[in-house]
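K.L.:
Sharing a structure here in structure tokens format.
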Amino acid sequence: MAAFPLHCNFQGDFVLQLILVDSEDTMDEAAQKCAYHTVGRRVAPRPDKILRVRKHGGDSFFPRELKVADTGLRPTETIDVIFADS
């Protein structure tokens, strides 16, 4: 377990934030850590949606249970966090 900084580009937010996650966090946990700093502040909650994560500019989402350490991301890379149906 190690601290792992990622830039978070959250859907609907105009602020790109540097968020500290853990290398053993899943993508769901990383998305929630990003949401904590955005949802209810600059972005309205969407309880009917789930949060999905992809590498910034990527076409596909990371599997929800994939750990940060297994994504191939480097510290301070940017992820997109998107509201999705599934």
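Chain labels follow the order of the structure tokens: the first chain is A, the next B, and so on; residue numbering restarts at 1 in every chain, and ligands are counted from 1 in their shown order.
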Write down as a ChimeraX atom specification the residues belonging to region 9-52 of chain A that are assigned helix (DSSP H, G or I) by DSSP computed on the backbone.

P.N.:
/A:27-36

K.L.:
Can you tell me, as a PyMOL selection string, what residues are no more than 9 Å from Pro63 (chain A) when counting only C-alpha atoms, ignoring any on the same chain fewer than 2 positions away?

P.N.:
chain A and resi 26-28+52-53+61+65-67

K.L.:
Hey, what does DSSP flag as strand (DSSP E) within chain A? Can you give it to me as number ranges by chain?

P.N.:
A: 3-10, 16-22, 50-55, 78-84

K.L.:
Save out the residues we just selected, N, CA and C atoms, as a short mmCIF file (atom, residue, chain, number, x, y, z; two decimals), in the first residue's frame.

P.N.:
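Final output, saved to part_0.cif:
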```cif
data_model
loop_
_atom_site.label_atom_id
_atom_site.label_comp_id
_atom_site.auth_asym_id
_atom_site.auth_seq_id
_atom_site.Cartn_x
_atom_site.Cartn_y
_atom_site.Cartn_z
N ALA A 3 0.76 5.66 -1.10
CA ALA A 3 0.06 6.84 -1.59
C ALA A 3 0.35 7.00 -3.08
N PHE A 4 -0.70 7.35 -3.83
CA PHE A 4 -0.58 7.45 -5.29
C PHE A 4 -1.37 8.68 -5.74
N PRO A 5 -0.68 9.75 -6.17
CA PRO A 5 -1.39 10.96 -6.60
C PRO A 5 -1.87 10.84 -8.04
N LEU A 6 -3.13 11.23 -8.26
CA LEU A 6 -3.71 11.25 -9.61
C LEU A 6 -4.44 12.57 -9.81
N HIS A 7 -4.35 13.11 -11.02
CA HIS A 7 -5.18 14.26 -11.37
C HIS A 7 -6.54 13.71 -11.76
N CYS A 8 -7.58 14.34 -11.28
CA CYS A 8 -8.94 13.88 -11.52
C CYS A 8 -9.70 14.92 -12.34
N ASN A 9 -10.17 14.50 -13.50
CA ASN A 9 -11.02 15.32 -14.36
C ASN A 9 -12.43 14.75 -14.22
N PHE A 10 -13.24 15.37 -13.37
CA PHE A 10 -14.56 14.84 -13.04
C PHE A 10 -15.59 15.43 -14.00
N LEU A 16 -9.63 20.76 -12.40
CA LEU A 16 -8.82 19.55 -12.44
C LEU A 16 -8.12 19.47 -11.09
N GLN A 17 -8.34 18.36 -10.35
CA GLN A 17 -7.82 18.27 -8.99
C GLN A 17 -6.78 17.17 -8.85
N LEU A 18 -5.81 17.41 -8.00
CA LEU A 18 -4.84 16.39 -7.64
C LEU A 18 -5.37 15.69 -6.40
N ILE A 19 -5.65 14.39 -6.55
CA ILE A 19 -6.25 13.60 -5.48
C ILE A 19 -5.27 12.51 -5.07
N LEU A 20 -5.17 12.28 -3.79
CA LEU A 20 -4.31 11.22 -3.28
C LEU A 20 -5.15 9.96 -3.06
N VAL A 21 -4.84 8.91 -3.79
CA VAL A 21 -5.49 7.61 -3.61
C VAL A 21 -4.43 6.64 -3.12
N ASP A 22 -4.83 5.41 -2.88
CA ASP A 22 -3.89 4.38 -2.46
C ASP A 22 -3.66 3.43 -3.62
N ILE A 50 -23.68 5.31 -11.71
CA ILE A 50 -22.47 4.86 -11.01
C ILE A 50 -21.29 5.63 -11.57
N LEU A 51 -20.21 5.65 -10.84
CA LEU A 51 -19.01 6.34 -11.30
C LEU A 51 -18.08 5.35 -11.98
N ARG A 52 -17.59 5.72 -13.14
CA ARG A 52 -16.64 4.89 -13.88
C ARG A 52 -15.38 5.71 -14.15
N VAL A 53 -14.24 5.03 -14.27
CA VAL A 53 -12.95 5.67 -14.42
C VAL A 53 -12.27 5.19 -15.70
N ARG A 54 -11.67 6.12 -16.41
CA ARG A 54 -10.85 5.79 -17.58
C ARG A 54 -9.64 6.70 -17.58
N LYS A 55 -8.60 6.30 -18.29
CA LYS A 55 -7.44 7.17 -18.47
C LYS A 55 -7.92 8.37 -19.28
N THR A 78 -3.62 11.81 -15.41
CA THR A 78 -5.00 12.27 -15.30
C THR A 78 -5.97 11.15 -15.62
N ILE A 79 -6.99 11.03 -14.76
CA ILE A 79 -8.08 10.11 -15.01
C ILE A 79 -9.35 10.92 -15.24
N ASP A 80 -10.27 10.37 -16.01
CA ASP A 80 -11.61 10.94 -16.16
C ASP A 80 -12.55 10.12 -15.29
N VAL A 81 -13.40 10.78 -14.52
CA VAL A 81 -14.42 10.12 -13.75
C VAL A 81 -15.76 10.54 -14.34
N ILE A 82 -16.54 9.54 -14.77
CA ILE A 82 -17.74 9.76 -15.54
C ILE A 82 -18.94 9.13 -14.83
N PHE A 83 -20.09 9.79 -14.88
CA PHE A 83 -21.34 9.19 -14.45
C PHE A 83 -21.79 8.24 -15.57
N ALA A 84 -22.09 7.00 -15.22
CA ALA A 84 -22.48 6.01 -16.23
C ALA A 84 -23.67 5.19 -15.71
#
```

K.L.:
Select, from A:Ala31, A:Glu24, A:Val15, A:His37, the residue with the minimum atom-to-atom distance to Phe62 (chain A), counting only C-alpha atoms.

P.N.:
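Closest residue, counting only C-alpha atoms: A:Ala31.
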
K.L.:
Looking at A:Ser23, A:Ala44, A:Met1, A:Gly58, which one is nearest to Pro75 (chain A), with distances taken over only C-alpha atoms?

P.N.:
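Counting only C-alpha atoms, the residue closest to Pro75 (chain A) is A:Ser23.
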
K.L.:
Any idea what the distance is between CA of Glu29 (chain A) and CA of Ala69 (chain A)?

P.N.:
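Computing it gives 12.8 Å between the two atoms.
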
K.L.:
Please compute the CA of Thr38 (chain A)-CA of Asp13 (chain A) distance, one decimal, in Å.

P.N.:
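One can read the CA of Thr38 (chain A) to CA of Asp13 (chain A) distance as 7.2 Å.
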
K.L.:
Quick one: of A:Cys34, A:Asp85, A:Ala2, A:Gln11, who's nearest to Lys49 (chain A), counting only C-alpha atoms?

P.N.:
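Of the candidates, the smallest distance to Lys49 (chain A) is held by A:Asp85.
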
K.L.:
In Å, with one decimal, what is the gap from CA of Val68 (chain A) to CA of Asp25 (chain A)?

P.N.:
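It comes out at 5.8 Å.
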